[in-house]
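Data from query14.cif: mmCIF, C-alpha atoms
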```
data_final
#
loop_
_atom_site.label_atom_id
_atom_site.label_comp_id
_atom_site.auth_asym_id
_atom_site.auth_seq_id
_atom_site.Cartn_x
_atom_site.Cartn_y
_atom_site.Cartn_z
CA MET A 109 34.09 -2.12 89.99
CA LYS A 110 33.05 -1.68 93.60
CA PHE A 111 29.67 -0.50 92.40
CA PHE A 112 29.07 -3.59 90.30
CA LYS A 113 30.17 -5.80 93.13
CA SER A 114 27.58 -4.18 95.38
CA VAL A 115 24.84 -4.53 92.81
CA LEU A 116 25.71 -8.15 92.22
CA PHE A 117 25.78 -8.85 95.96
CA ILE A 118 22.39 -7.40 96.70
CA PHE A 119 20.95 -9.02 93.60
CA LEU A 120 22.13 -12.46 94.67
CA VAL A 121 20.98 -12.04 98.25
CA ALA A 122 17.57 -10.83 97.09
CA LEU A 123 17.29 -13.66 94.59
CA PHE A 124 18.14 -16.29 97.16
CA PHE A 125 15.74 -15.04 99.82
CA ALA A 126 12.94 -14.30 97.39
CA GLY A 127 13.36 -17.87 96.19
CA LEU A 128 13.26 -19.16 99.75
CA THR A 129 10.06 -17.33 100.70
CA ALA A 130 8.42 -18.17 97.39
CA GLY A 131 9.30 -21.82 97.83
CA VAL A 132 7.95 -22.00 101.35
CA ASN A 133 4.82 -20.17 100.31
CA GLN A 134 4.33 -22.52 97.40
CA ALA A 135 4.72 -25.52 99.66
CA LEU A 136 2.29 -24.28 102.28
CA ILE A 137 -0.27 -22.23 100.37
CA LYS A 138 -2.69 -25.12 99.87
CA ARG A 139 -2.72 -25.86 103.58
CA ILE A 140 -3.14 -22.20 104.48
CA GLU A 141 -6.03 -21.79 102.07
CA LEU A 142 -7.64 -24.96 103.30
CA ASN A 143 -7.34 -23.70 106.89
CA GLU A 144 -9.09 -20.48 105.97
CA GLN A 145 -11.81 -22.20 104.00
CA THR A 146 -12.44 -24.70 106.76
CA ARG A 147 -12.62 -21.90 109.30
CA ASN A 148 -15.18 -20.06 107.19
CA SER A 149 -17.25 -23.22 106.68
CA ARG A 150 -17.14 -24.04 110.38
CA ASP A 151 -18.28 -20.56 111.29
CA LEU A 152 -21.22 -20.88 108.92
CA LEU A 153 -22.21 -24.34 110.15
CA ASP A 154 -21.82 -23.24 113.78
CA VAL A 155 -24.02 -20.21 113.38
CA LEU A 156 -26.69 -22.18 111.57
CA GLY A 157 -26.60 -24.86 114.27
CA ILE A 158 -25.59 -27.60 111.86
CA GLU A 159 -23.64 -30.11 113.88
CA TYR A 160 -20.44 -31.84 112.89
CA PRO A 161 -18.05 -34.00 114.91
CA LYS A 162 -15.48 -32.08 116.91
CA GLY A 163 -12.17 -31.91 115.10
CA ALA A 164 -13.89 -33.09 111.92
CA ASP A 165 -11.84 -33.48 108.79
CA PRO A 166 -11.86 -30.43 106.47
CA SER A 167 -13.53 -32.51 103.75
CA ILE A 168 -16.47 -33.39 106.04
CA VAL A 169 -16.95 -29.72 106.88
CA ALA A 170 -16.79 -28.75 103.22
CA ASP A 171 -19.29 -31.48 102.29
CA LEU A 172 -21.71 -30.31 104.94
CA GLN A 173 -21.48 -26.77 103.67
CA ARG A 174 -22.19 -27.96 100.14
CA THR A 175 -25.11 -30.21 100.99
CA ARG A 176 -26.76 -28.30 103.82
CA THR A 177 -26.41 -24.62 102.85
CA SER A 178 -26.70 -22.37 99.86
CA LYS A 179 -25.76 -18.78 99.28
CA ALA A 180 -27.32 -15.75 97.60
CA LYS A 181 -26.78 -12.04 97.41
CA ILE A 182 -29.61 -9.53 97.79
CA ASP A 183 -28.86 -5.80 97.60
CA ASP A 184 -25.22 -6.33 98.58
CA GLN A 185 -26.23 -8.46 101.54
CA THR A 186 -24.79 -11.96 101.58
CA VAL A 187 -27.41 -14.41 102.79
CA TYR A 188 -27.06 -18.11 103.46
CA ARG A 189 -29.87 -20.61 103.63
CA ALA A 190 -29.71 -23.71 105.78
CA TYR A 191 -31.39 -27.05 105.02
CA ASP A 192 -32.07 -29.94 107.35
CA GLU A 193 -31.05 -33.53 106.59
CA LYS A 194 -34.05 -34.01 104.31
CA GLY A 195 -33.30 -30.89 102.31
CA LYS A 196 -36.09 -28.83 103.86
CA PRO A 197 -35.21 -25.12 104.26
CA ASP A 198 -34.32 -24.41 107.87
CA GLY A 199 -33.15 -20.90 108.62
CA TYR A 200 -31.07 -18.05 107.30
CA ALA A 201 -27.65 -16.60 108.05
CA PHE A 202 -26.45 -13.09 107.26
CA ARG A 203 -23.03 -11.54 107.10
CA PHE A 204 -22.76 -8.33 109.06
CA GLU A 205 -20.09 -5.83 109.90
CA GLY A 206 -19.69 -2.53 111.65
CA LYS A 207 -17.45 -0.37 113.75
CA GLY A 208 -15.95 -1.85 116.89
CA PHE A 209 -13.67 -0.21 119.43
CA TRP A 210 -10.31 -0.76 117.70
CA GLY A 211 -11.48 -1.73 114.25
CA LYS A 212 -14.16 -3.43 112.26
CA ILE A 213 -16.22 -6.21 113.81
CA SER A 214 -17.62 -8.67 111.29
CA GLY A 215 -19.53 -11.86 111.72
CA LEU A 216 -22.51 -14.01 110.91
CA LEU A 217 -25.90 -14.02 112.55
CA SER A 218 -28.65 -16.50 111.90
CA LEU A 219 -32.43 -16.40 112.09
CA LYS A 220 -34.85 -19.27 112.24
CA GLU A 221 -37.21 -20.03 109.35
CA ASP A 222 -39.72 -17.44 110.67
CA LEU A 223 -37.16 -14.66 110.09
CA ASP A 224 -37.97 -13.47 113.59
CA THR A 225 -36.21 -15.70 116.12
CA MET A 226 -32.46 -15.43 116.41
CA GLU A 227 -30.66 -18.73 116.19
CA GLY A 228 -27.05 -17.74 116.78
CA ILE A 229 -24.24 -15.29 116.25
CA ILE A 230 -20.55 -15.67 115.56
CA PHE A 231 -17.80 -13.11 115.12
CA THR A 232 -15.47 -13.90 112.27
CA ALA A 233 -13.05 -10.97 112.58
CA HIS A 234 -12.46 -8.20 115.08
CA ASN A 235 -9.62 -6.35 116.79
CA GLU A 236 -11.14 -5.95 120.24
CA THR A 237 -8.87 -6.01 123.30
CA PRO A 238 -7.89 -9.58 124.17
CA GLY A 239 -9.47 -10.50 127.49
CA LEU A 240 -11.98 -7.65 127.39
CA GLY A 241 -13.84 -6.80 124.20
CA ALA A 242 -12.53 -9.96 122.58
CA ARG A 243 -14.67 -11.93 125.00
CA ILE A 244 -17.56 -11.42 122.57
CA ASP A 245 -16.15 -14.62 121.08
CA GLU A 246 -16.85 -16.64 124.20
CA PRO A 247 -19.79 -19.07 124.08
CA TRP A 248 -21.54 -17.63 127.18
CA PHE A 249 -21.79 -14.27 125.49
CA ARG A 250 -22.91 -15.56 122.11
CA LYS A 251 -25.43 -17.99 123.60
CA GLN A 252 -27.41 -15.08 124.99
CA PHE A 253 -28.59 -14.13 121.52
CA LYS A 254 -30.31 -17.43 120.89
CA GLY A 255 -34.08 -17.12 120.98
CA ILE A 256 -34.27 -13.33 120.84
CA LYS A 257 -37.46 -12.36 119.01
CA LEU A 258 -37.00 -9.44 116.69
CA SER A 259 -40.72 -8.61 116.83
CA ASN A 260 -40.33 -7.76 120.55
CA LYS A 261 -38.74 -4.42 119.87
CA VAL A 262 -37.45 -2.65 122.98
CA GLU A 263 -36.88 0.99 123.88
CA GLY A 264 -36.11 3.32 121.01
CA GLY A 265 -37.12 0.80 118.34
CA LYS A 266 -34.08 -1.33 119.04
CA TYR A 267 -34.05 -5.07 118.50
CA ILE A 268 -31.35 -5.87 121.01
CA THR A 269 -29.88 -4.08 124.00
CA VAL A 270 -26.51 -4.96 125.39
CA GLY A 271 -26.33 -4.49 129.12
CA ARG A 272 -29.13 -1.94 129.58
CA GLY A 273 -32.04 -2.33 131.97
CA ASP A 274 -32.31 -5.22 134.39
CA ALA A 275 -32.26 -8.92 133.77
CA LYS A 276 -35.99 -8.97 133.01
CA THR A 277 -35.76 -6.53 130.10
CA ALA A 278 -36.78 -8.24 126.87
CA ASN A 279 -34.15 -8.86 124.20
CA ARG A 280 -31.37 -7.95 126.57
CA VAL A 281 -27.98 -9.58 126.65
CA ASP A 282 -25.41 -9.05 129.39
CA ALA A 283 -22.59 -6.72 128.46
CA ILE A 284 -18.95 -7.53 129.10
CA THR A 285 -17.45 -6.07 132.25
CA GLY A 286 -14.60 -3.73 131.42
CA ALA A 287 -15.55 -3.54 127.76
CA THR A 288 -18.21 -0.87 127.78
CA MET A 289 -17.21 0.55 124.42
CA THR A 290 -17.23 -2.81 122.66
CA SER A 291 -20.59 -3.65 124.20
CA SER A 292 -22.31 -0.43 123.19
CA LEU A 293 -20.76 -0.33 119.72
CA LEU A 294 -21.85 -3.93 119.22
CA GLU A 295 -25.39 -2.98 120.20
CA LYS A 296 -25.33 -0.17 117.67
CA LEU A 297 -23.97 -2.21 114.79
CA LEU A 298 -26.23 -5.19 115.40
CA ASN A 299 -29.32 -3.01 115.47
CA GLU A 300 -28.28 -1.30 112.26
CA ASP A 301 -27.70 -4.61 110.56
CA LEU A 302 -30.94 -6.09 111.84
CA ASN A 303 -32.77 -3.04 110.48
CA HIS A 304 -31.17 -3.68 107.15
CA ILE A 305 -32.19 -7.34 107.27
CA ALA A 306 -35.78 -6.44 108.22
CA VAL A 307 -36.09 -4.46 104.99
CA LEU A 308 -35.07 -7.53 103.01
CA LYS A 309 -37.60 -9.88 104.59
CA ASP A 310 -40.14 -9.91 101.74
CA LYS A 311 -37.48 -10.31 99.11
CA LEU A 312 -35.99 -13.18 101.08
CA ARG A 313 -39.27 -15.05 101.20
CA SER A 314 -39.92 -14.73 97.49
CA LEU A 315 -36.38 -15.51 96.40
CA GLN A 316 -35.80 -18.65 94.36
CA TRP A 317 -33.01 -20.38 96.25
CA PRO A 318 -30.62 -22.62 94.39
CA SER A 319 -31.18 -26.04 95.90
CA PRO A 320 -28.20 -27.44 97.77
CA GLN A 321 -25.99 -29.89 95.94
CA GLN A 322 -26.52 -33.56 96.46
CA LYS A 323 -23.74 -35.66 97.88
CA MET B 172 38.93 -11.03 119.82
CA ALA B 173 38.76 -13.94 122.16
CA VAL B 174 35.25 -13.88 123.45
CA SER B 175 33.98 -17.12 124.93
CA SER B 176 30.57 -18.33 123.92
CA THR B 177 29.61 -18.67 127.59
CA LYS B 178 30.22 -15.00 128.14
CA VAL B 179 28.27 -14.11 125.01
CA ALA B 180 25.39 -16.26 126.18
CA LYS B 181 25.38 -14.76 129.68
CA ASP B 182 25.50 -11.25 128.29
CA GLY B 183 22.59 -11.87 125.96
CA VAL B 184 20.37 -13.30 128.64
CA TRP B 185 21.25 -11.05 131.54
CA GLY B 186 24.22 -8.65 131.50
CA ASN B 187 23.18 -7.03 128.27
CA ASN B 188 19.54 -8.13 128.23
CA PRO B 189 17.90 -6.64 125.15
CA VAL B 190 14.71 -5.49 126.86
CA ILE B 191 15.76 -4.24 130.27
CA ARG B 192 19.33 -3.13 129.39
CA GLN B 193 19.18 -2.02 125.82
CA VAL B 194 15.50 -1.12 126.02
CA LEU B 195 14.78 -2.69 122.64
CA GLY B 196 11.78 -4.70 121.53
CA ILE B 197 9.47 -2.73 123.80
CA CYS B 198 6.65 -2.64 121.26
CA SER B 199 6.07 -6.38 121.29
CA ALA B 200 6.90 -6.60 125.00
CA LEU B 201 3.85 -4.44 125.58
CA ALA B 202 1.61 -5.84 122.88
CA VAL B 203 1.67 -9.62 123.11
CA THR B 204 2.14 -10.18 126.82
CA ASN B 205 -1.40 -10.41 128.12
CA LEU B 206 -1.63 -14.15 127.50
CA VAL B 207 1.22 -16.54 128.25
CA ALA B 208 0.44 -18.82 125.29
CA ASN B 209 0.73 -16.00 122.75
CA THR B 210 3.89 -14.74 124.39
CA LEU B 211 5.42 -18.20 124.18
CA VAL B 212 4.83 -18.48 120.44
CA MET B 213 6.13 -14.96 119.92
CA CYS B 214 9.31 -15.73 121.90
CA ILE B 215 10.00 -18.95 120.01
CA GLY B 216 9.47 -17.05 116.77
CA LEU B 217 11.87 -14.34 117.83
CA ILE B 218 14.58 -16.76 118.93
CA TYR B 219 14.34 -18.56 115.61
CA ALA B 220 14.38 -15.34 113.57
CA GLN B 221 17.27 -13.91 115.57
CA ALA B 222 19.40 -17.05 115.39
CA MET B 223 18.87 -17.54 111.65
CA SER B 224 19.40 -13.89 110.78
CA SER B 225 22.55 -13.65 112.90
CA LEU B 226 23.89 -16.82 111.34
CA THR B 227 23.25 -15.64 107.80
CA ALA B 228 24.58 -12.14 108.38
CA SER B 229 27.69 -13.60 109.95
CA LEU B 230 28.28 -16.05 107.08
CA LEU B 231 27.98 -13.18 104.62
CA ARG B 232 29.95 -10.68 106.70
CA LYS B 233 33.15 -10.88 104.61
CA VAL B 234 31.42 -10.37 101.28
CA THR B 235 28.82 -7.79 102.37
CA PRO B 236 29.73 -4.32 101.06
CA PHE B 237 29.89 -1.98 104.06
CA ARG B 238 27.23 0.39 102.79
CA LEU B 239 24.77 -2.38 102.06
CA ARG B 240 24.84 -4.13 105.40
CA ILE B 241 21.61 -2.66 106.78
CA ILE B 242 19.65 -3.22 103.61
CA SER B 243 20.86 -6.80 103.27
CA SER B 244 20.24 -7.52 106.97
CA THR B 245 16.70 -6.22 106.66
CA LEU B 246 16.15 -8.41 103.63
CA ILE B 247 17.47 -11.48 105.44
CA ILE B 248 15.37 -10.84 108.54
CA ALA B 249 12.23 -10.22 106.49
CA ALA B 250 12.68 -13.46 104.59
CA TYR B 251 13.02 -15.57 107.74
CA VAL B 252 10.05 -13.91 109.40
CA ILE B 253 7.86 -14.45 106.33
CA VAL B 254 8.81 -18.12 106.40
CA LEU B 255 7.85 -18.27 110.09
CA HIS B 256 4.56 -16.52 109.41
CA SER B 257 3.69 -18.99 106.66
CA PHE B 258 4.40 -21.93 108.96
CA LEU B 259 2.24 -20.49 111.72
CA ARG B 260 -0.63 -19.87 109.32
CA ALA B 261 -0.37 -23.40 107.97
CA TYR B 262 0.09 -25.33 111.20
CA LEU B 263 -1.12 -23.11 114.06
CA PRO B 264 -3.91 -21.04 112.46
CA GLU B 265 -5.59 -20.23 115.78
CA ILE B 266 -2.55 -18.73 117.44
CA SER B 267 -1.54 -17.07 114.20
CA SER B 268 -4.83 -15.18 114.04
CA GLN B 269 -4.55 -14.17 117.69
CA LEU B 270 -1.05 -12.79 117.23
CA GLY B 271 -2.35 -10.85 114.26
CA PRO B 272 0.21 -8.44 112.89
CA TYR B 273 2.83 -9.01 115.58
CA VAL B 274 4.56 -11.93 113.91
CA GLY B 275 5.13 -9.83 110.81
CA LEU B 276 6.35 -7.04 113.03
CA ILE B 277 9.24 -9.20 114.24
CA ILE B 278 10.89 -7.86 111.08
CA THR B 279 11.03 -4.40 112.57
CA ASN B 280 11.90 -5.62 116.05
CA CYS B 281 14.94 -3.54 116.96
CA ILE B 282 16.55 -6.42 118.84
CA ILE B 283 17.06 -8.44 115.70
CA LEU B 284 18.54 -5.69 113.57
CA GLY B 285 20.50 -4.49 116.59
CA ARG B 286 22.15 -7.84 117.26
CA VAL B 287 22.76 -8.51 113.60
CA GLU B 288 24.36 -5.11 113.10
CA ALA B 289 26.27 -4.89 116.37
CA PHE B 290 27.37 -8.48 116.71
CA ALA B 291 26.85 -10.81 113.77
CA THR B 292 28.56 -8.59 111.20
CA GLN B 293 31.76 -8.72 113.27
CA ASN B 294 31.84 -12.22 114.72
CA THR B 295 32.07 -15.82 113.63
CA PRO B 296 28.90 -17.74 112.72
CA TRP B 297 29.01 -19.90 115.83
CA LEU B 298 29.33 -16.96 118.22
CA SER B 299 26.64 -15.10 116.30
CA VAL B 300 24.19 -17.94 116.71
CA VAL B 301 24.99 -18.15 120.42
CA ASP B 302 24.49 -14.41 120.70
CA GLY B 303 21.25 -14.60 118.74
CA VAL B 304 19.78 -17.39 120.82
CA ALA B 305 20.94 -15.75 124.05
CA SER B 306 19.43 -12.40 123.14
CA GLY B 307 16.24 -14.17 122.17
CA LEU B 308 16.22 -15.97 125.52
CA GLY B 309 16.84 -12.69 127.32
CA TYR B 310 13.88 -11.20 125.53
CA SER B 311 11.77 -14.27 126.30
CA LEU B 312 12.74 -14.19 129.98
CA VAL B 313 11.41 -10.66 130.38
CA LEU B 314 8.31 -11.19 128.23
CA LEU B 315 7.32 -14.41 129.93
CA THR B 316 7.72 -12.84 133.36
CA ILE B 317 5.54 -9.93 132.29
CA SER B 318 2.95 -12.21 130.74
CA ILE B 319 2.74 -14.53 133.76
CA PHE B 320 1.93 -11.55 135.98
CA ARG B 321 -0.42 -9.99 133.46
CA GLU B 322 -2.40 -13.14 132.72
CA GLY B 323 -2.31 -14.23 136.36
CA LEU B 324 -3.50 -10.97 137.83
CA GLY B 325 -5.66 -9.89 134.92
CA PHE B 326 -7.50 -13.13 134.17
CA GLY B 327 -6.71 -15.32 137.18
CA THR B 328 -5.25 -17.96 134.86
CA ILE B 329 -1.85 -19.13 133.64
CA LEU B 330 -1.79 -20.60 130.13
CA GLY B 331 -5.57 -20.77 130.42
CA TRP B 332 -5.52 -22.84 133.64
CA PRO B 333 -7.30 -21.16 136.53
CA LEU B 334 -5.21 -20.24 139.57
CA PRO B 335 -6.08 -22.24 142.71
CA PHE B 336 -7.48 -19.24 144.59
CA GLU B 337 -10.16 -16.66 143.87
CA PHE B 338 -9.59 -12.92 143.81
CA THR B 339 -10.85 -9.85 142.00
CA HIS B 340 -9.09 -9.73 138.65
CA TRP B 341 -7.03 -6.65 137.91
CA THR B 342 -8.52 -5.70 134.58
CA ILE B 343 -5.88 -3.03 134.07
CA MET B 344 -3.19 -5.71 133.79
CA VAL B 345 -4.83 -6.98 130.61
CA MET B 346 -4.75 -3.58 129.00
CA ALA B 347 -1.76 -1.59 127.76
CA PRO B 348 -1.03 0.27 131.04
CA GLY B 349 -0.54 -3.05 132.83
CA ALA B 350 2.30 -3.81 130.47
CA PHE B 351 3.97 -0.48 131.14
CA PHE B 352 3.75 -1.00 134.89
CA MET B 353 5.17 -4.50 134.71
CA LEU B 354 7.98 -3.53 132.36
CA GLY B 355 8.93 -0.60 134.59
CA ILE B 356 8.89 -2.69 137.72
CA ILE B 357 10.93 -5.49 136.18
CA THR B 358 13.52 -3.09 134.76
CA TRP B 359 13.81 -1.37 138.12
CA LEU B 360 14.17 -4.63 140.05
CA ALA B 361 16.74 -6.01 137.63
CA ARG B 362 18.88 -2.89 137.72
CA TRP B 363 18.59 -2.56 141.46
CA PHE B 364 19.64 -6.19 141.84
CA ASP B 365 22.71 -5.63 139.68
CA SER B 366 23.72 -2.31 141.14
CA ARG B 367 24.00 -3.57 144.73
CA GLY B 368 27.48 -4.97 144.13
CA ALA B 369 28.64 -2.27 141.78
CA GLU B 370 28.05 0.75 143.97
CA GLN B 371 31.73 1.18 144.93
CA GLY B 372 33.25 0.70 141.52
CA ALA B 373 32.33 1.98 138.09
CA PRO B 374 28.75 1.43 136.92
CA ALA B 375 28.47 -2.07 135.58
CA ASN B 376 27.04 -1.23 132.24
CA LYS B 377 28.66 1.96 131.04
#
```
The structure in this file should be written as structure tokens.
Amino acid sequence: MKFFKSVLFIFLVALFFAGLTAGVNQALIKRIELNEQTRNSRDLLDVLGIEYPKGADPSIVADLQRTRTSKAKIDDQTVYRAYDEKGKPDGYAFRFEGKGFWGKISGLLSLKEDLDTMEGIIFTAHNETPGLGARIDEPWFRKQFKGIKLSNKVEGGKYITVGRGDAKTANRVDAITGATMTSSLLEKLLNEDLNHIAVLKDKLRSLQWPSPQQK
Amino acid sequence: MAVSSTKVAKDGVWGNNPVIRQVLGICSALAVTNLVANTLVMCIGLIYAQAMSSLTASLLRKVTPFRLRIISSTLIIAAYVIVLHSFLRAYLPEISSQLGPYVGLIITNCIILGRVEAFATQNTPWLSVVDGVASGLGYSLVLLTISIFREGLGFGTILGWPLPFEFTHWTIMVMAPGAFFMLGIITWLARWFDSRGAEQGAPANK
């Protein structure tokens, strides 16, 4: 008797709370998904330099992604193509990832139409120390990548150095004080990814891109 | 048992403070305290989870089979924390992503299970809620103090606003050791403060 009472009790408690969490999840899931989608779209638009009003409605962001970008996959590499207002191709963006200090760092980097000049970089997920390594997210750090020319390779066949040499060194970005590990691991992973992208260059140029959807 | 709610509230916040007295909830006290804003959200989350879990456990205390109290408490706590996590992801996505796994880890925060088990299963719903909120406030008091010093010294800001004077930032305060130092210092100060009066008589908290 006692046994059945216990079973019944835990069953009812579990049922009630499972119902509660399921209900809340059901009520909020659309909003949560929309948040994530909007964040992804914003990241893509930001890295490609496509402007949208600050605090823009999710639907505006989604529309811009649909009309101004398209997506393809080459050899496991996700590549995005940007188009200007008139639908003319205007740059590429690539997903990248690699090992950071505490975990994986992943993000998007973009190149101009010449596949040589860097347009921007954005980190979509990382576990770096808040206030130290996590400062890779700050605009001053990311802005440094704009305009780097991949054809200007520096020491050791690298494309980019983080914090080595003096301010005059080509393709150099300032490292983050107190985050030596993040800075040097970032240098390593970016160079690896850029190497990978360099191999794809010819394929990228000859690829038939799906044209972006009209409004 | 005639315990007044004022006494319960005082005990939760100070006399029996969960972090510096019971030394519970240390994991999150170390992990989320390098920015005041994150700490604030974490504290509000904990107060909510503690109050709701204590309330529910107390309401169910007469029908809960003795052997099943831990398992049912855990279930209750988990459910409330999942609800909180969903709300944060839906309405505060930025802060939610900064707090990362720590909101989910409120489930395993020893303070919550500790107060539910030690207090709510033996007291009336009203007292349990008071105890829950008070313990949550006690936790928040310590965490906010730690985070104000850590963000202030480590970044030179409070809640993102720069302090009015310039100094070399103490990078170590932003990292894990800074949290250990602050927690140790605060615990020491609090106990020293309390022990001044109690030196003649029996130790206050034994």
Problem - Contact residues (chain A, partner chain B, 6 Å, all atoms listed in the file) as JSON, numbers by chain - result: {"A": [125, 129, 139, 140]}
Pull out every residue that the PyMOL selection byres ((chain A and resi 152) around 10) matches in the shown coordinates and put them as an mmCIF file with C-alpha atoms, in the frame of the given file.
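Result went into result.cif, see below:
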```cif
data_model
loop_
_atom_site.group_PDB
_atom_site.id
_atom_site.type_symbol
_atom_site.label_atom_id
_atom_site.label_comp_id
_atom_site.auth_asym_id
_atom_site.auth_seq_id
_atom_site.Cartn_x
_atom_site.Cartn_y
_atom_site.Cartn_z
ATOM 1 C CA THR A 146 -12.440 -24.700 106.760
ATOM 2 C CA ARG A 147 -12.620 -21.900 109.300
ATOM 3 C CA ASN A 148 -15.180 -20.060 107.190
ATOM 4 C CA SER A 149 -17.250 -23.220 106.680
ATOM 5 C CA ARG A 150 -17.140 -24.040 110.380
ATOM 6 C CA ASP A 151 -18.280 -20.560 111.290
ATOM 7 C CA LEU A 153 -22.210 -24.340 110.150
ATOM 8 C CA ASP A 154 -21.820 -23.240 113.780
ATOM 9 C CA VAL A 155 -24.020 -20.210 113.380
ATOM 10 C CA LEU A 156 -26.690 -22.180 111.570
ATOM 11 C CA GLY A 157 -26.600 -24.860 114.270
ATOM 12 C CA ILE A 158 -25.590 -27.600 111.860
ATOM 13 C CA GLN A 173 -21.480 -26.770 103.670
ATOM 14 C CA THR A 177 -26.410 -24.620 102.850
ATOM 15 C CA TYR A 188 -27.060 -18.110 103.460
ATOM 16 C CA ALA A 190 -29.710 -23.710 105.780
ATOM 17 C CA ALA A 201 -27.650 -16.600 108.050
ATOM 18 C CA PHE A 202 -26.450 -13.090 107.260
ATOM 19 C CA ARG A 203 -23.030 -11.540 107.100
ATOM 20 C CA GLY A 215 -19.530 -11.860 111.720
ATOM 21 C CA LEU A 216 -22.510 -14.010 110.910
ATOM 22 C CA LEU A 217 -25.900 -14.020 112.550
ATOM 23 C CA SER A 218 -28.650 -16.500 111.900
ATOM 24 C CA ILE A 229 -24.240 -15.290 116.250
ATOM 25 C CA ILE A 230 -20.550 -15.670 115.560
ATOM 26 C CA THR A 232 -15.470 -13.900 112.270
#
```
Translate the PyMOL selection byres ((chain A and resi 244) around 10), as applied to the file shown, into an explicit residue set as a PDB file with C-alpha atoms, in the frame of the given file.
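Saved as result-v2.pdb:
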```pdb
ATOM      1  CA  ILE A 229     -24.240 -15.290 116.250  1.00  0.00           C
ATOM      2  CA  ILE A 230     -20.550 -15.670 115.560  1.00  0.00           C
ATOM      3  CA  PHE A 231     -17.800 -13.110 115.120  1.00  0.00           C
ATOM      4  CA  HIS A 234     -12.460  -8.200 115.080  1.00  0.00           C
ATOM      5  CA  GLU A 236     -11.140  -5.950 120.240  1.00  0.00           C
ATOM      6  CA  PRO A 238      -7.890  -9.580 124.170  1.00  0.00           C
ATOM      7  CA  GLY A 239      -9.470 -10.500 127.490  1.00  0.00           C
ATOM      8  CA  LEU A 240     -11.980  -7.650 127.390  1.00  0.00           C
ATOM      9  CA  GLY A 241     -13.840  -6.800 124.200  1.00  0.00           C
ATOM     10  CA  ALA A 242     -12.530  -9.960 122.580  1.00  0.00           C
ATOM     11  CA  ARG A 243     -14.670 -11.930 125.000  1.00  0.00           C
ATOM     12  CA  ASP A 245     -16.150 -14.620 121.080  1.00  0.00           C
ATOM     13  CA  GLU A 246     -16.850 -16.640 124.200  1.00  0.00           C
ATOM     14  CA  PRO A 247     -19.790 -19.070 124.080  1.00  0.00           C
ATOM     15  CA  TRP A 248     -21.540 -17.630 127.180  1.00  0.00           C
ATOM     16  CA  PHE A 249     -21.790 -14.270 125.490  1.00  0.00           C
ATOM     17  CA  ARG A 250     -22.910 -15.560 122.110  1.00  0.00           C
ATOM     18  CA  ALA A 283     -22.590  -6.720 128.460  1.00  0.00           C
ATOM     19  CA  ILE A 284     -18.950  -7.530 129.100  1.00  0.00           C
ATOM     20  CA  ALA A 287     -15.550  -3.540 127.760  1.00  0.00           C
ATOM     21  CA  THR A 290     -17.230  -2.810 122.660  1.00  0.00           C
ATOM     22  CA  SER A 291     -20.590  -3.650 124.200  1.00  0.00           C
ATOM     23  CA  LEU A 294     -21.850  -3.930 119.220  1.00  0.00           C
TER      24      LEU A 294
END
```
Problem - Answer key for the PyMOL selection byres ((chain B and resi 277) around 9), residues as an NGL selection string - result: :B and (196 or 199 or 213 or 216-217 or 220 or 248-249 or 252 or 273-276 or 278-281 or 283)
Practice task
Kindly give the distance, in Å, that separates CA of Thr225 (chain A) and CA of Ser259 (chain A), rounded to a single decimal.
Solution key: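 CA of Ser259 (chain A) lies at a distance of 8.4 Å from CA of Thr225 (chain A).
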Exercise for the section: With a distance cut-off of 10 Å and only C-alpha atoms, select the neighbouring residues of Pro197 (chain A), excluding the residue or stretch itself and same-chain residues fewer than 2 positions from it, and output the selection as a VMD selection string. Expected result: chain A and resid 176 to 178 189 to 195 199 to 200 220 to 221 317 319 to 320
Problem - Gap from CA of Ile213 (chain A) to CA of Asn235 (chain A) - Å, one decimal - result: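 For CA of Ile213 (chain A) relative to CA of Asn235 (chain A), the distance reads 7.2 Å.
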Exercise for the section: Considering only C-alpha atoms, state which residue in the set A:Asn143, A:Thr237, A:Ser167, A:Asn299 is at the smallest distance from Val262 (chain A). Expected result: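 Comparing A:Asn143, A:Thr237, A:Ser167, A:Asn299 against Val262 (chain A), the winner is A:Asn299.
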Residues within 8 Å of region 307-310 of chain A, please, as a PDB file with C-alpha atoms, in the frame of the given file. Count only C-alpha atoms; anything in the same chain fewer than 3 positions from it doesn't count.
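What follows is the written file around_26.pdb:
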```
ATOM      1  CA  ILE A 182     -29.610  -9.530  97.790  1.00  0.00           C
ATOM      2  CA  LEU A 223     -37.160 -14.660 110.090  1.00  0.00           C
ATOM      3  CA  ASN A 303     -32.770  -3.040 110.480  1.00  0.00           C
ATOM      4  CA  HIS A 304     -31.170  -3.680 107.150  1.00  0.00           C
ATOM      5  CA  ARG A 313     -39.270 -15.050 101.200  1.00  0.00           C
ATOM      6  CA  SER A 314     -39.920 -14.730  97.490  1.00  0.00           C
TER       7      SER A 314
END
```
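With CA of Met226 (chain A) on one side and CA of Lys257 (chain A) on the other, the separation reads 6.4 Å.
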For Val207 (chain B), list every protein, DNA or RNA residue within 7 Å, evaluated using all atoms listed in the file, and leave out those in the same chain fewer than 4 positions away; present the list as a PDB file with C-alpha atoms, keeping the file's coordinate frame.
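around.pdb was written with the following content:
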```
ATOM      1  CA  LEU B 211       5.420 -18.200 124.180  1.00  0.00           C
ATOM      2  CA  LEU B 315       7.320 -14.410 129.930  1.00  0.00           C
ATOM      3  CA  SER B 318       2.950 -12.210 130.740  1.00  0.00           C
ATOM      4  CA  ILE B 319       2.740 -14.530 133.760  1.00  0.00           C
ATOM      5  CA  GLU B 322      -2.400 -13.140 132.720  1.00  0.00           C
ATOM      6  CA  ILE B 329      -1.850 -19.130 133.640  1.00  0.00           C
ATOM      7  CA  LEU B 330      -1.790 -20.600 130.130  1.00  0.00           C
TER       8      LEU B 330
END
```
